[in-house]
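Colleague: Input start.csv, format and content: CSV, C-alpha atoms and all ligand atoms.
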```csv
chain,number,residue,atom,x,y,z
A,153,MET,CA,-14.9,22.1,7.4
A,154,PHE,CA,-13.9,18.9,9.1
A,155,LYS,CA,-16.5,16.9,11.0
A,156,THR,CA,-16.4,14.3,13.7
A,157,ILE,CA,-18.2,11.1,12.6
A,158,LEU,CA,-19.5,9.0,15.5
A,159,PRO,CA,-20.3,5.3,15.8
A,160,GLY,CA,-23.8,4.7,14.4
A,161,GLN,CA,-23.0,6.9,11.4
A,162,THR,CA,-22.2,5.5,8.0
A,163,ILE,CA,-18.8,5.2,6.3
A,164,GLY,CA,-18.8,4.9,2.5
A,165,VAL,CA,-15.9,2.9,1.0
A,166,ILE,CA,-14.9,3.1,-2.6
A,167,GLY,CA,-13.4,-0.3,-3.5
A,168,GLY,CA,-14.4,-3.7,-2.2
A,169,GLY,CA,-11.1,-5.6,-2.0
A,170,GLN,CA,-9.2,-6.8,1.0
A,171,LEU,CA,-8.1,-3.4,2.2
A,172,GLY,CA,-11.8,-2.2,2.2
A,173,GLN,CA,-12.7,-5.5,3.9
A,174,MET,CA,-10.2,-5.0,6.7
A,175,MET,CA,-11.1,-1.3,7.1
A,176,THR,CA,-14.8,-2.4,7.4
A,177,LEU,CA,-14.1,-5.1,10.0
A,178,ALA,CA,-12.3,-2.4,12.1
A,179,ALA,CA,-15.2,0.1,11.5
A,180,LYS,CA,-17.8,-2.5,12.4
A,181,SER,CA,-16.1,-3.4,15.6
A,182,ILE,CA,-16.3,0.3,16.6
A,183,GLY,CA,-20.0,0.4,15.8
A,184,PHE,CA,-20.0,2.2,12.4
A,185,ARG,CA,-22.2,1.3,9.5
A,186,VAL,CA,-20.4,0.7,6.2
A,187,ILE,CA,-21.5,0.8,2.6
A,188,VAL,CA,-19.2,-0.1,-0.2
A,189,LEU,CA,-19.1,0.6,-3.9
A,190,ASP,CA,-17.6,-2.2,-6.1
A,191,PRO,CA,-18.5,-3.6,-9.5
A,192,THR,CA,-18.1,-7.2,-8.4
A,193,PRO,CA,-21.1,-8.6,-6.5
A,194,ASN,CA,-20.2,-10.1,-3.1
A,195,SER,CA,-16.8,-8.4,-3.0
A,196,PRO,CA,-14.5,-9.2,-0.1
A,197,CYS,CA,-15.6,-5.9,1.5
A,198,GLY,CA,-19.3,-6.4,0.5
A,199,GLN,CA,-19.3,-9.7,2.4
A,200,VAL,CA,-18.7,-7.8,5.7
A,201,ALA,CA,-20.2,-4.4,5.1
A,202,ASP,CA,-23.8,-3.5,5.8
A,203,GLU,CA,-24.4,-2.9,2.1
A,204,GLN,CA,-22.7,-3.1,-1.2
A,205,ILE,CA,-23.6,-0.9,-4.2
A,206,VAL,CA,-22.7,-3.1,-7.2
A,207,ALA,CA,-21.7,-0.6,-10.0
A,208,ALA,CA,-18.7,0.6,-11.9
A,209,TYR,CA,-16.5,3.2,-10.1
A,210,ASN,CA,-17.2,5.7,-12.8
A,211,ASP,CA,-21.0,5.2,-12.6
A,212,LEU,CA,-22.0,8.7,-11.4
A,213,ALA,CA,-25.5,7.6,-10.4
A,214,ALA,CA,-24.0,4.9,-8.2
A,215,VAL,CA,-21.5,7.4,-6.7
A,216,LYS,CA,-24.4,9.7,-5.9
A,217,ILE,CA,-26.2,6.9,-4.1
A,218,LEU,CA,-23.1,6.1,-2.1
A,219,ALA,CA,-22.7,9.8,-1.2
A,220,GLU,CA,-26.4,10.1,-0.1
A,221,LYS,CA,-26.1,7.1,2.2
A,222,SER,CA,-22.8,7.9,3.7
A,223,ASP,CA,-21.7,10.5,6.3
A,224,VAL,CA,-18.0,10.2,5.2
A,225,ILE,CA,-16.4,8.7,2.2
A,226,THR,CA,-13.0,7.0,2.0
A,227,TYR,CA,-11.3,4.7,-0.5
A,228,GLU,CA,-9.1,1.6,-0.5
A,229,PHE,CA,-7.2,2.4,-3.7
A,230,GLU,CA,-5.8,5.6,-5.2
A,231,ASN,CA,-6.9,5.3,-8.8
A,232,ILE,CA,-10.4,6.8,-8.2
A,233,ASP,CA,-12.1,7.9,-11.4
A,234,ALA,CA,-11.5,11.6,-11.9
A,235,ASN,CA,-15.1,12.6,-12.6
A,236,ALA,CA,-16.5,10.6,-9.7
A,237,LEU,CA,-13.9,12.3,-7.5
A,238,SER,CA,-14.6,15.8,-8.6
A,239,TRP,CA,-18.4,15.2,-8.1
A,240,LEU,CA,-17.7,13.7,-4.6
A,241,THR,CA,-15.6,16.6,-3.4
A,242,LYS,CA,-18.4,19.0,-4.2
A,243,HIS,CA,-21.3,17.0,-2.8
A,244,ALA,CA,-19.9,14.6,-0.2
A,245,TYR,CA,-17.6,14.7,2.9
A,246,VAL,CA,-14.2,13.4,1.7
A,247,PRO,CA,-11.9,14.5,4.5
A,248,GLN,CA,-8.8,13.0,2.8
A,249,GLY,CA,-9.2,15.5,0.0
A,250,THR,CA,-8.2,15.1,-3.6
A,251,GLU,CA,-4.6,16.6,-3.7
A,252,ILE,CA,-3.1,13.4,-2.2
A,253,LEU,CA,-4.8,11.3,-4.9
A,254,ARG,CA,-3.7,13.6,-7.7
A,255,VAL,CA,-0.1,13.3,-6.4
A,256,THR,CA,-0.1,9.5,-5.8
A,257,GLN,CA,-1.9,8.6,-9.0
A,258,ASN,CA,1.1,9.7,-11.0
A,259,ARG,CA,4.7,8.8,-10.3
A,260,ILE,CA,5.9,12.1,-11.9
A,261,TYR,CA,3.9,14.3,-9.5
A,262,GLU,CA,4.7,11.9,-6.7
A,263,LYS,CA,8.4,12.1,-7.0
A,264,ALA,CA,8.4,15.9,-7.5
A,265,THR,CA,6.3,16.2,-4.3
A,266,ILE,CA,8.5,14.0,-2.2
A,267,GLN,CA,11.5,16.1,-3.4
A,268,LYS,CA,9.7,19.3,-2.5
A,269,ALA,CA,9.0,17.9,1.0
A,270,GLY,CA,12.8,17.7,1.3
A,271,VAL,CA,13.1,13.9,1.2
A,272,PRO,CA,15.4,12.0,-1.3
A,273,VAL,CA,13.9,9.9,-4.1
A,274,VAL,CA,15.7,7.4,-6.3
A,275,PRO,CA,17.5,9.4,-9.1
A,276,TYR,CA,15.1,9.5,-12.0
A,277,GLU,CA,14.1,11.2,-15.2
A,278,VAL,CA,10.7,11.8,-16.9
A,279,ILE,CA,10.6,9.9,-20.2
A,280,LEU,CA,8.2,10.7,-23.0
A,281,ASN,CA,9.8,8.9,-25.9
A,282,GLN,CA,12.6,6.7,-27.2
A,283,THR,CA,15.1,9.6,-27.6
A,284,GLU,CA,14.5,10.7,-24.0
A,285,LEU,CA,15.0,7.1,-22.9
A,286,GLU,CA,18.4,7.0,-24.5
A,287,HIS,CA,19.5,10.2,-22.9
A,288,GLY,CA,18.1,9.0,-19.6
A,289,LEU,CA,20.0,5.8,-19.8
A,290,GLU,CA,23.2,7.7,-20.6
A,291,ASN,CA,22.7,9.8,-17.5
A,292,LEU,CA,21.5,7.1,-15.0
A,293,GLY,CA,23.4,4.1,-16.4
A,294,TYR,CA,22.5,0.5,-16.4
A,295,PRO,CA,20.5,-1.2,-14.9
A,296,ALA,CA,17.6,1.1,-14.7
A,297,VAL,CA,13.9,0.6,-14.4
A,298,LEU,CA,11.2,2.2,-16.6
A,299,LYS,CA,7.8,2.6,-15.0
A,300,THR,CA,4.6,4.0,-16.4
A,301,ALA,CA,3.6,7.2,-14.6
A,302,THR,CA,0.1,6.0,-14.0
A,303,GLY,CA,-1.7,2.7,-13.3
A,304,GLY,CA,1.1,0.4,-12.2
A,305,TYR,CA,0.9,-2.0,-9.2
A,306,ASP,CA,2.5,-5.2,-8.1
A,307,GLY,CA,5.3,-4.7,-10.6
A,308,LYS,CA,2.9,-4.2,-13.5
A,309,GLY,CA,3.8,-1.4,-15.9
A,310,GLN,CA,7.5,-1.8,-15.3
A,311,LEU,CA,10.5,-2.9,-17.3
A,312,VAL,CA,14.0,-3.4,-15.9
A,313,ILE,CA,16.6,-2.3,-18.5
A,314,LYS,CA,19.8,-4.2,-17.9
A,315,THR,CA,21.7,-3.7,-21.1
A,316,GLU,CA,21.5,-1.6,-24.3
A,317,HIS,CA,19.7,-4.5,-25.9
A,318,ASP,CA,16.7,-4.3,-23.5
A,319,ARG,CA,15.9,-0.8,-24.8
A,320,ILE,CA,13.9,-2.3,-27.6
A,321,PHE,CA,11.4,-3.7,-25.1
A,322,ALA,CA,10.6,-0.2,-23.9
A,323,ALA,CA,8.4,0.7,-26.9
A,324,SER,CA,5.2,-0.9,-25.6
A,325,LEU,CA,5.5,0.8,-22.2
A,326,LEU,CA,6.3,4.2,-23.8
A,327,SER,CA,3.3,3.8,-26.1
A,328,THR,CA,1.0,3.9,-23.1
A,329,GLY,CA,2.0,7.4,-22.1
A,330,PRO,CA,4.6,9.3,-19.9
A,331,CYS,CA,7.0,7.1,-17.9
A,332,VAL,CA,9.8,7.6,-15.4
A,333,LEU,CA,13.2,6.0,-15.6
A,334,GLU,CA,14.8,5.2,-12.3
A,335,LYS,CA,18.3,4.3,-11.4
A,336,TRP,CA,18.4,0.7,-10.2
A,337,ILE,CA,19.2,0.8,-6.4
A,338,SER,CA,21.0,-2.2,-5.1
A,339,PHE,CA,19.3,-1.9,-1.7
A,340,THR,CA,20.1,-3.9,1.3
A,341,LYS,CA,16.6,-3.6,2.7
A,342,GLU,CA,13.2,-2.5,1.6
A,343,ILE,CA,11.2,-0.9,4.4
A,344,SER,CA,7.9,0.9,4.8
A,345,VAL,CA,6.5,3.4,7.3
A,346,ILE,CA,2.8,3.9,7.7
A,347,VAL,CA,1.7,7.3,9.1
A,348,THR,CA,-1.8,8.5,10.1
A,349,LYS,CA,-3.1,12.0,10.8
A,350,ASN,CA,-6.5,13.2,11.9
A,351,PRO,CA,-8.0,16.6,11.4
A,352,ASP,CA,-7.4,17.5,15.1
A,353,GLY,CA,-3.7,17.4,14.2
A,354,GLU,CA,-2.7,14.2,15.8
A,355,THR,CA,0.0,12.1,14.1
A,356,ALA,CA,0.7,8.4,14.7
A,357,VAL,CA,3.5,6.4,13.1
A,358,PHE,CA,3.6,2.6,13.0
A,359,PRO,CA,6.8,0.6,13.7
A,360,VAL,CA,9.0,0.4,10.6
A,361,ALA,CA,8.4,-2.7,8.6
A,362,GLU,CA,10.9,-4.7,6.6
A,363,ASN,CA,9.5,-6.0,3.3
A,364,ILE,CA,10.7,-8.8,1.1
A,365,HIS,CA,9.2,-8.9,-2.4
A,366,CYS,CA,9.1,-11.9,-4.8
A,367,ASN,CA,8.4,-11.1,-8.5
A,368,ASN,CA,7.7,-7.5,-7.4
A,369,ILE,CA,4.8,-8.6,-5.2
A,370,LEU,CA,5.1,-8.2,-1.4
A,371,HIS,CA,6.0,-11.6,0.0
A,372,GLN,CA,6.9,-11.1,3.7
A,373,THR,CA,6.9,-8.3,6.2
A,374,ILE,CA,9.2,-8.5,9.3
A,375,VAL,CA,8.7,-6.2,12.3
A,376,PRO,CA,10.8,-4.7,13.8
A,377,ALA,CA,12.7,-4.2,10.6
A,378,ARG,CA,16.3,-5.5,10.9
A,379,ILE,CA,17.9,-2.1,10.6
A,380,ASP,CA,19.7,0.1,13.2
A,381,LYS,CA,17.9,2.5,15.5
A,382,GLU,CA,19.3,5.6,13.8
A,383,THR,CA,18.1,4.4,10.3
A,384,GLU,CA,14.7,3.5,11.8
A,385,GLU,CA,14.4,7.0,13.3
A,386,ARG,CA,15.4,8.7,10.0
A,387,ALA,CA,12.8,6.5,8.1
A,388,MET,CA,10.0,7.7,10.5
A,389,VAL,CA,11.1,11.3,10.3
A,390,ALA,CA,11.0,11.1,6.4
A,391,ALA,CA,7.5,9.6,6.4
A,392,LYS,CA,6.3,12.3,8.8
A,393,LYS,CA,7.8,15.0,6.7
A,394,ILE,CA,6.0,13.8,3.6
A,395,ALA,CA,2.7,13.4,5.5
A,396,ASP,CA,3.0,17.0,6.8
A,397,PHE,CA,3.9,18.4,3.4
A,398,LEU,CA,0.8,16.7,2.0
A,399,HIS,CA,-1.5,17.9,4.9
A,400,LEU,CA,-2.4,14.3,5.3
A,401,ILE,CA,-5.7,13.2,6.7
A,402,GLY,CA,-6.0,9.4,7.0
A,403,THR,CA,-3.3,7.0,6.1
A,404,LEU,CA,-0.1,7.3,4.1
A,405,ALA,CA,2.2,4.3,3.4
A,406,VAL,CA,5.8,5.2,2.4
A,407,GLU,CA,7.9,2.6,0.7
A,408,MET,CA,11.7,3.1,1.0
A,409,PHE,CA,15.0,1.5,0.0
A,410,VAL,CA,17.9,1.4,2.4
A,411,THR,CA,21.3,1.1,0.8
A,412,GLU,CA,24.5,-0.4,2.2
A,413,ASP,CA,25.8,3.0,3.3
A,414,GLY,CA,22.6,3.7,5.2
A,415,GLU,CA,21.0,6.1,2.6
A,416,ILE,CA,17.2,6.1,2.5
A,417,TYR,CA,15.4,6.7,-0.8
A,418,ILE,CA,11.7,6.9,-1.1
A,419,ASN,CA,10.4,4.5,-3.6
A,420,GLU,CA,6.6,5.2,-3.7
A,421,LEU,CA,3.6,6.4,-1.7
A,422,ALA,CA,0.2,4.9,-1.1
A,423,PRO,CA,-2.6,7.1,0.4
A,424,ARG,CA,-4.3,4.3,2.2
A,425,PRO,CA,-3.7,1.3,4.5
A,426,HIS,CA,-1.0,-0.9,2.9
A,427,ASN,CA,-0.2,-4.6,2.6
A,428,SER,CA,3.0,-4.1,4.6
A,429,GLY,CA,0.9,-2.9,7.6
A,430,HIS,CA,-1.3,-6.0,7.9
A,431,TYR,CA,1.0,-7.2,10.7
A,432,SER,CA,-0.5,-4.4,12.8
A,433,ILE,CA,-3.8,-6.2,13.2
A,434,GLU,CA,-2.3,-8.6,15.7
A,435,ALA,CA,1.0,-7.0,16.6
A,436,CYS,CA,0.0,-3.4,17.4
A,437,MET,CA,-2.3,-1.9,20.0
A,438,THR,CA,-4.2,-0.3,17.2
A,439,SER,CA,-4.3,-1.7,13.7
A,440,GLN,CA,-3.6,0.4,10.6
A,441,PHE,CA,-7.3,-0.2,9.6
A,442,GLU,CA,-8.7,1.0,12.9
A,443,GLN,CA,-6.3,3.9,12.9
A,444,HIS,CA,-7.5,4.9,9.4
A,445,ILE,CA,-11.1,4.8,10.5
A,446,ARG,CA,-10.4,6.8,13.6
A,447,ALA,CA,-8.5,9.4,11.5
A,448,ILE,CA,-11.2,10.0,8.8
A,449,CYS,CA,-13.8,10.2,11.6
A,450,ASN,CA,-11.7,12.6,13.6
A,451,LEU,CA,-11.6,10.3,16.6
A,452,PRO,CA,-8.5,10.3,18.8
A,453,LEU,CA,-5.8,8.2,17.2
A,454,GLY,CA,-4.9,4.9,19.0
A,455,SER,CA,-1.5,3.8,20.3
A,456,THR,CA,0.7,2.2,17.7
A,457,ALA,CA,2.8,0.4,20.3
A,458,LEU,CA,4.3,-3.0,19.0
A,459,LEU,CA,3.0,-5.7,21.3
A,460,LYS,CA,5.4,-8.3,20.0
A,461,PRO,CA,7.7,-8.8,17.0
A,462,ALA,CA,5.8,-10.2,14.0
A,463,VAL,CA,6.2,-11.9,10.6
A,464,MET,CA,3.5,-11.6,7.9
A,465,VAL,CA,3.4,-13.7,4.8
A,466,ASN,CA,1.1,-13.2,1.8
A,467,ILE,CA,-1.0,-16.0,0.4
A,468,LEU,CA,-1.3,-15.7,-3.3
A,469,GLY,CA,-3.5,-17.8,-5.5
A,470,GLU,CA,-0.9,-20.5,-6.0
A,471,HIS,CA,-0.3,-20.8,-2.3
A,472,LEU,CA,-3.9,-21.3,-1.2
A,473,ASP,CA,-4.4,-25.1,-1.8
A,474,PRO,CA,-1.0,-26.1,-0.4
A,475,LEU,CA,-1.8,-23.9,2.7
A,476,LEU,CA,-5.2,-25.4,3.2
A,477,GLU,CA,-3.7,-28.9,3.0
A,478,ASN,CA,-1.0,-28.0,5.6
A,479,LEU,CA,-2.9,-25.9,8.0
A,480,HIS,CA,-1.9,-28.2,10.9
A,481,HIS,CA,1.6,-26.7,10.5
A,482,PHE,CA,0.3,-23.2,11.2
A,483,LYS,CA,-1.0,-23.4,14.7
A,484,HIS,CA,0.9,-20.3,15.7
A,485,TRP,CA,-0.2,-18.2,12.8
A,486,LYS,CA,-3.3,-16.1,12.5
A,487,ILE,CA,-5.1,-16.8,9.3
A,488,HIS,CA,-6.7,-14.1,7.1
A,489,LEU,CA,-8.4,-15.2,3.9
A,490,TYR,CA,-10.3,-12.5,2.0
A,491,GLY,CA,-13.2,-14.5,0.5
A,492,LYS,CA,-12.2,-14.0,-3.1
A,493,ASN,CA,-13.9,-16.6,-5.3
A,494,GLU,CA,-11.1,-17.3,-7.8
A,495,ALA,CA,-7.5,-18.2,-6.8
A,496,LYS,CA,-5.6,-16.9,-9.7
A,497,PRO,CA,-1.8,-17.1,-9.6
A,498,GLY,CA,-0.3,-13.9,-8.2
A,499,ARG,CA,-3.7,-12.7,-6.8
A,500,LYS,CA,-3.6,-11.8,-3.1
A,501,MET,CA,-6.0,-14.3,-1.4
A,502,GLY,CA,-5.0,-13.7,2.2
A,503,HIS,CA,-2.1,-13.5,4.6
A,504,LEU,CA,-0.8,-15.1,7.8
A,505,THR,CA,0.7,-13.4,10.8
A,506,ARG,CA,2.8,-14.8,13.6
A,507,LEU,CA,3.7,-13.0,16.8
A,508,CYS,CA,7.0,-14.2,18.0
A,509,ASN,CA,10.0,-13.5,20.3
A,510,ASP,CA,12.4,-14.2,17.4
A,511,THR,CA,11.4,-13.3,13.9
A,512,ASP,CA,14.3,-15.5,12.5
A,513,GLU,CA,12.6,-18.5,14.0
A,514,ALA,CA,9.3,-17.6,12.4
A,515,LEU,CA,11.0,-17.1,9.0
A,516,GLN,CA,12.7,-20.5,9.4
A,517,GLU,CA,9.3,-22.1,10.1
A,518,LEU,CA,8.0,-20.7,6.8
A,519,GLU,CA,11.1,-22.0,5.0
A,520,GLU,CA,10.4,-25.4,6.2
A,521,ASN,CA,6.9,-25.5,4.6
A,522,ASN,CA,7.2,-25.9,0.9
A,523,ILE,CA,4.4,-23.5,0.2
A,524,TRP,CA,6.2,-20.4,-0.8
B,601,LIG,P1,4.5,-1.2,-7.5
B,601,LIG,O1,3.6,-0.1,-7.7
B,601,LIG,O2,4.4,-2.3,-8.4
B,601,LIG,O3,4.6,-1.6,-6.0
B,601,LIG,P2,7.3,-0.3,-7.1
B,601,LIG,O4,7.8,0.9,-7.7
B,601,LIG,O5,7.1,-0.3,-5.6
B,601,LIG,O6,5.9,-0.6,-7.9
B,601,LIG,O7,8.2,-1.5,-7.6
B,601,LIG,C1,8.0,-2.9,-7.1
B,601,LIG,C2,9.2,-3.5,-6.6
B,601,LIG,O8,10.3,-3.5,-7.6
B,601,LIG,C3,9.9,-2.7,-5.4
B,601,LIG,O9,9.3,-3.0,-4.2
B,601,LIG,C4,11.3,-3.1,-5.5
B,601,LIG,O10,11.5,-4.4,-5.0
B,601,LIG,C5,11.5,-3.2,-7.0
B,601,LIG,N1,12.0,-1.9,-7.5
B,601,LIG,C6,11.3,-0.9,-8.1
B,601,LIG,N2,12.0,0.1,-8.4
B,601,LIG,C7,13.3,-0.2,-8.1
B,601,LIG,C8,14.6,0.5,-8.2
B,601,LIG,N3,14.7,1.7,-8.7
B,601,LIG,N4,15.7,-0.1,-7.8
B,601,LIG,C9,15.6,-1.4,-7.2
B,601,LIG,N5,14.5,-2.1,-7.1
B,601,LIG,C10,13.3,-1.5,-7.5
B,602,MG,MG,5.5,-0.7,-4.4
```
Take the structure in this file and express it as structure tokens.

Modeller:
Amino acid sequence: MFKTILPGQTIGVIGGGQLGQMMTLAAKSIGFRVIVLDPTPNSPCGQVADEQIVAAYNDLAAVKILAEKSDVITYEFENIDANALSWLTKHAYVPQGTEILRVTQNRIYEKATIQKAGVPVVPYEVILNQTELEHGLENLGYPAVLKTATGGYDGKGQLVIKTEHDRIFAASLLSTGPCVLEKWISFTKEISVIVTKNPDGETAVFPVAENIHCNNILHQTIVPARIDKETEERAMVAAKKIADFLHLIGTLAVEMFVTEDGEIYINELAPRPHNSGHYSIEACMTSQFEQHIRAICNLPLGSTALLKPAVMVNILGEHLDPLLENLHHFKHWKIHLYGKNEAKPGRKMGHLTRLCNDTDEALQELEENNIW
């Protein structure tokens, strides 16, 4: 049922943002052809792919053209239209399958699956209405965070409930559909582990990344994560356990919280390359993007060895102009800009990565620039 896809053949990518772009750059450097489906003309991925089909993700005629022109289909985001997906699984080669999308599209299924895999999640309850919310808050206590089961990203679709008074703000989230209520975890670190598997049964795990978020959006990634070896090992084992349970093909990013007493809780999963793995482009022998391409094509996976410690910082819309005016301060940083045409606040426009001997020094260097 699985195939090996060789250089010269064509990879179809659903979604033309920066993740698709960096996947494509990796695929092109191994000699694949890439065709992308994205509704916005000249998308970041379209700029570097052989071809872009400009159409909505739920445009079945366009999905069919993508399938006809591609030897294998992958995606850069998990919220693939259900009809398009069911058509694709019958008529195209989608080695990653659909089960992992079904699970990661919905926080309720996602949490249940992680628990079934035998890995702890943040204490939570499924919440369908205001009465259930009140019971949930009694059980979990304050603060807690209410998240829509579907559609959330970069902190969207979430409400932190600090006191009884905040409950009234929950109505608008609850009106959009099922939610989960999570206990607020006063973590000491947020970390992530990216794991890749190919149909031949190879598994590769990237070094554990430490992530710092600002306003719920990833701000910095620091590798190696500043955690002890034993915690690092447990984080990698947890990620592999979930990957095995899901019969992963391709890439899975696992976001985790580490508490003061060393507990690890899984926060959420992403069935694709992840912002917290961008450091791997320069810092690892094989990047998360190349690894993803190797995995879906059933090529041997590459080494994930860390060549040097690294710091990655995101460039959001509001950071772009100050960065461009201060580029002379960033001689030691690799610049990645995704070619998006409008720099809206909070929009991910690019990132910088610095390889270093001492991550604290690199972080200090960022502090000294008044860009972030
Ligand atoms: P998104 O899909 O927006 O990334 P997340 O569930 O990862 O949603 O939440 C975004 C960020 O909000 C997390 O990275 C973390 O910093 C914070 N957060 C989310 N849930 C919790 C929680 N239960 N306890 C503490 N912080 C949380
Ligand atoms: Mg997240």

Colleague: Can you pull out every residue within 6 Å of stretch 371-375 of chain A, counting only C-alpha atoms, but drop anything in the same chain fewer than 5 positions away, and send it as a list in words?

Modeller: Ala361, Glu362, Asn363, Ile364, His365, Cys366, Ser428, Pro461, Ala462, Val463, Met464, Val465 and Asn466 of chain A

Colleague: Restricted to C-alpha atoms, what would the selected residues look like written as a JSON list (two decimals), in the frame of the given file?

Modeller:
```
[["chain", "number", "residue", "atom", "x", "y", "z"],
["A", 361, "ALA", "CA", 8.40, -2.70, 8.60],
["A", 362, "GLU", "CA", 10.90, -4.70, 6.60],
["A", 363, "ASN", "CA", 9.50, -6.00, 3.30],
["A", 364, "ILE", "CA", 10.70, -8.80, 1.10],
["A", 365, "HIS", "CA", 9.20, -8.90, -2.40],
["A", 366, "CYS", "CA", 9.10, -11.90, -4.80],
["A", 428, "SER", "CA", 3.00, -4.10, 4.60],
["A", 461, "PRO", "CA", 7.70, -8.80, 17.00],
["A", 462, "ALA", "CA", 5.80, -10.20, 14.00],
["A", 463, "VAL", "CA", 6.20, -11.90, 10.60],
["A", 464, "MET", "CA", 3.50, -11.60, 7.90],
["A", 465, "VAL", "CA", 3.40, -13.70, 4.80],
["A", 466, "ASN", "CA", 1.10, -13.20, 1.80]]
```

Colleague: Within 7 Å of ligand MG 602 (chain B) (counting all atoms listed in the file), which residues show up? I'd like them as a count of residues only.

Modeller: 4

Colleague: Write out as a PyMOL selection string each polymer residue (protein, DNA or RNA) that has an atom no more than 10 Å from ligand LIG 601 (chain B), with all atoms listed in the file counted.

Modeller: chain A and resi 259+273-276+295-300+302-312+333-344+363-370+406-409+417-422

Colleague: Which is closer to A:Glu494 than all the others in A:Met388, A:Glu415, A:Phe154, A:Ser195, using only C-alpha atoms?

Modeller: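 Of A:Met388, A:Glu415, A:Phe154, A:Ser195, the one nearest A:Glu494, counting only C-alpha atoms, is A:Ser195.
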
Colleague: Go through A:Arg185, A:Leu453, A:Thr403, A:Tyr227 one by one, measure the shortest atom-to-atom distance of each to A:Gly353 using all atoms listed in the file, and give the residue with the smallest value.

Modeller: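 The shortest atom-to-atom distance to A:Gly353 comes from A:Leu453.
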